[in-house]
Amino acid sequence: MRTGLELRRVLIGVKRSALIRLRDQRIIDDIVLRRLQAVLDSEEMRIGLALRAFTGRPPAPPAGDTADTRRRVAGE
(Lines give C-alpha, C1' and ligand atoms only; values in the text may rest on other atoms or scores of the structure.)
Protein backbone atom coordinates (compact mmCIF):
# COMPACT_ATOMS: atom_id res chain seq x y z
CA MET A 1 0.00 0.00 0.00
CA ARG A 2 2.85 2.37 0.83
CA THR A 3 4.39 1.92 -2.60
CA GLY A 4 1.04 2.64 -4.22
CA LEU A 5 0.71 5.86 -2.22
CA GLU A 6 4.22 6.92 -3.18
CA LEU A 7 3.47 6.26 -6.85
CA ARG A 8 0.27 8.30 -6.63
CA ARG A 9 2.30 11.11 -5.08
CA VAL A 10 4.79 11.03 -7.96
CA LEU A 11 1.89 11.05 -10.42
CA ILE A 12 0.61 14.26 -8.83
CA GLY A 13 3.92 15.90 -9.80
CA VAL A 14 3.48 14.69 -13.37
CA LYS A 15 -0.06 16.07 -13.43
CA ARG A 16 1.16 19.43 -12.10
CA SER A 17 3.78 19.63 -14.85
CA ALA A 18 1.16 18.80 -17.48
CA LEU A 19 -1.14 21.52 -16.15
CA ILE A 20 1.65 24.08 -16.29
CA ARG A 21 2.40 23.11 -19.90
CA LEU A 22 -1.29 23.49 -20.79
CA ARG A 23 -1.35 26.92 -19.17
CA ASP A 24 1.89 27.95 -20.90
CA GLN A 25 0.42 26.83 -24.24
CA ARG A 26 -2.71 28.87 -23.42
CA ILE A 27 -4.93 25.82 -23.63
CA ILE A 28 -6.15 26.54 -20.10
CA ASP A 29 -6.10 29.82 -18.23
CA ASP A 30 -4.81 30.65 -14.75
CA ILE A 31 -8.21 30.18 -13.14
CA VAL A 32 -8.51 26.61 -14.43
CA LEU A 33 -4.90 25.93 -13.44
CA ARG A 34 -5.46 27.10 -9.88
CA ARG A 35 -8.71 25.17 -9.48
CA LEU A 36 -7.07 21.96 -10.66
CA GLN A 37 -4.03 22.63 -8.48
CA ALA A 38 -6.34 22.90 -5.47
CA VAL A 39 -7.67 19.42 -6.27
CA LEU A 40 -4.11 18.10 -6.56
CA ASP A 41 -3.15 19.85 -3.31
CA SER A 42 -5.99 18.09 -1.48
CA GLU A 43 -5.02 14.73 -2.92
CA GLU A 44 -1.40 15.31 -2.02
CA MET A 45 -2.34 16.15 1.56
CA ARG A 46 -4.42 12.97 1.88
CA ILE A 47 -1.55 10.90 0.54
CA GLY A 48 0.89 12.63 2.90
CA LEU A 49 -1.31 11.83 5.88
CA ALA A 50 -1.60 8.20 4.81
CA LEU A 51 2.18 7.96 4.38
CA ARG A 52 2.65 9.51 7.80
CA ALA A 53 0.52 6.72 9.25
CA PHE A 54 3.02 4.20 7.85
CA THR A 55 6.20 5.94 8.96
CA GLY A 56 5.22 8.06 11.94
CA ARG A 57 6.83 11.12 10.34
CA PRO A 58 5.98 13.46 7.49
CA PRO A 59 7.08 12.31 4.03
CA ALA A 60 9.90 14.06 2.21
CA PRO A 61 8.83 16.49 -0.53
CA PRO A 62 8.34 14.84 -3.91
CA ALA A 63 11.26 14.93 -6.31
CA GLY A 64 11.28 18.16 -8.27
CA ASP A 65 9.12 19.95 -5.71
CA THR A 66 11.12 23.11 -5.16
CA ALA A 67 10.35 26.69 -4.27
CA ASP A 68 11.30 27.62 -7.85
CA THR A 69 8.72 25.17 -9.23
CA ARG A 70 6.05 26.54 -6.93
CA ARG A 71 6.83 30.13 -7.97
CA ARG A 72 6.60 29.15 -11.65
CA VAL A 73 3.27 27.44 -11.06
CA ALA A 74 1.98 30.54 -9.31
CA GLY A 75 3.09 32.62 -12.29
CA GLU A 76 5.63 34.67 -10.39
# chains A, B, ... in the order shown; residues from 1 in each chain; ligands from 1
$ residues_around --residues "Thr55 of chain A" --least-positions-apart "6" --cutoff "12 Å" --atoms "only C-alpha atoms" --output "VMD selection string"
chain A and resid 2 48 to 49
$ residues_around --residues "Arg23 of chain A" --least-positions-apart "6" --cutoff "7 Å" --atoms "only C-alpha atoms" --output "VMD selection string"
chain A and resid 29 to 30 33
$ atom_distance --atom1 "atom CA of Met45 of chain A" --atom2 "atom CA of Arg26 of chain A"
28.0 Å
$ residues_around --residues "segment 7-9 of chain A" --least-positions-apart "4" --cutoff "7 Å" --atoms "only C-alpha atoms" --output "PyMOL selection string"
chain A and resi 3+13+44+47
$ write_last_selection --atoms "all heavy atoms" --output "PDB file, in the first residue's frame"
ATOM      1  N   THR A   3       3.840   1.689  -1.267  1.00  0.00           N
ATOM      2  CA  THR A   3       4.390   1.917  -2.601  1.00  0.00           C
ATOM      3  C   THR A   3       3.343   2.537  -3.518  1.00  0.00           C
ATOM      4  O   THR A   3       3.650   3.451  -4.291  1.00  0.00           O
ATOM      5  CB  THR A   3       4.913   0.595  -3.204  1.00  0.00           C
ATOM      6  OG1 THR A   3       5.891   0.045  -2.325  1.00  0.00           O
ATOM      7  CG2 THR A   3       5.509   0.811  -4.570  1.00  0.00           C
ATOM      8  N   GLY A  13       2.901  15.018  -9.224  1.00  0.00           N
ATOM      9  CA  GLY A  13       3.917  15.900  -9.798  1.00  0.00           C
ATOM     10  C   GLY A  13       3.855  15.926 -11.319  1.00  0.00           C
ATOM     11  O   GLY A  13       3.995  16.987 -11.936  1.00  0.00           O
ATOM     12  N   GLU A  44      -2.752  15.438  -2.551  1.00  0.00           N
ATOM     13  CA  GLU A  44      -1.395  15.310  -2.019  1.00  0.00           C
ATOM     14  C   GLU A  44      -1.400  15.314  -0.489  1.00  0.00           C
ATOM     15  O   GLU A  44      -0.654  14.561   0.140  1.00  0.00           O
ATOM     16  CB  GLU A  44      -0.531  16.439  -2.560  1.00  0.00           C
ATOM     17  CG  GLU A  44       0.943  16.279  -2.278  1.00  0.00           C
ATOM     18  CD  GLU A  44       1.769  17.298  -3.029  1.00  0.00           C
ATOM     19  OE1 GLU A  44       1.358  18.473  -3.109  1.00  0.00           O
ATOM     20  OE2 GLU A  44       2.832  16.915  -3.531  1.00  0.00           O
ATOM     21  N   ILE A  47      -2.602  11.899   0.715  1.00  0.00           N
ATOM     22  CA  ILE A  47      -1.546  10.901   0.542  1.00  0.00           C
ATOM     23  C   ILE A  47      -0.468  11.098   1.613  1.00  0.00           C
ATOM     24  O   ILE A  47       0.021  10.134   2.199  1.00  0.00           O
ATOM     25  CB  ILE A  47      -0.943  10.981  -0.877  1.00  0.00           C
ATOM     26  CG1 ILE A  47      -1.976  10.495  -1.894  1.00  0.00           C
ATOM     27  CG2 ILE A  47       0.343  10.158  -0.976  1.00  0.00           C
ATOM     28  CD1 ILE A  47      -1.599  10.772  -3.335  1.00  0.00           C
TER      29      ILE A  47
END
$ closest_residue --among "A:Ser42, A:Leu36, A:Gln25, A:Leu51" --to "Leu5 of chain A" --atoms "only C-alpha atoms"
A:Leu51
$ closest_residue --among "A:Ala53, A:Gln37, A:Gly4, A:Ile31" --to "Ala18 of chain A" --atoms "only C-alpha atoms"
A:Gln37
$ atom_distance --atom1 "atom CA of Arg16 of chain A" --atom2 "atom CA of Arg35 of chain A"
11.7 Å
$ atom_distance --atom1 "atom CA of Ile12 of chain A" --atom2 "atom CA of Val39 of chain A"
10.1 Å
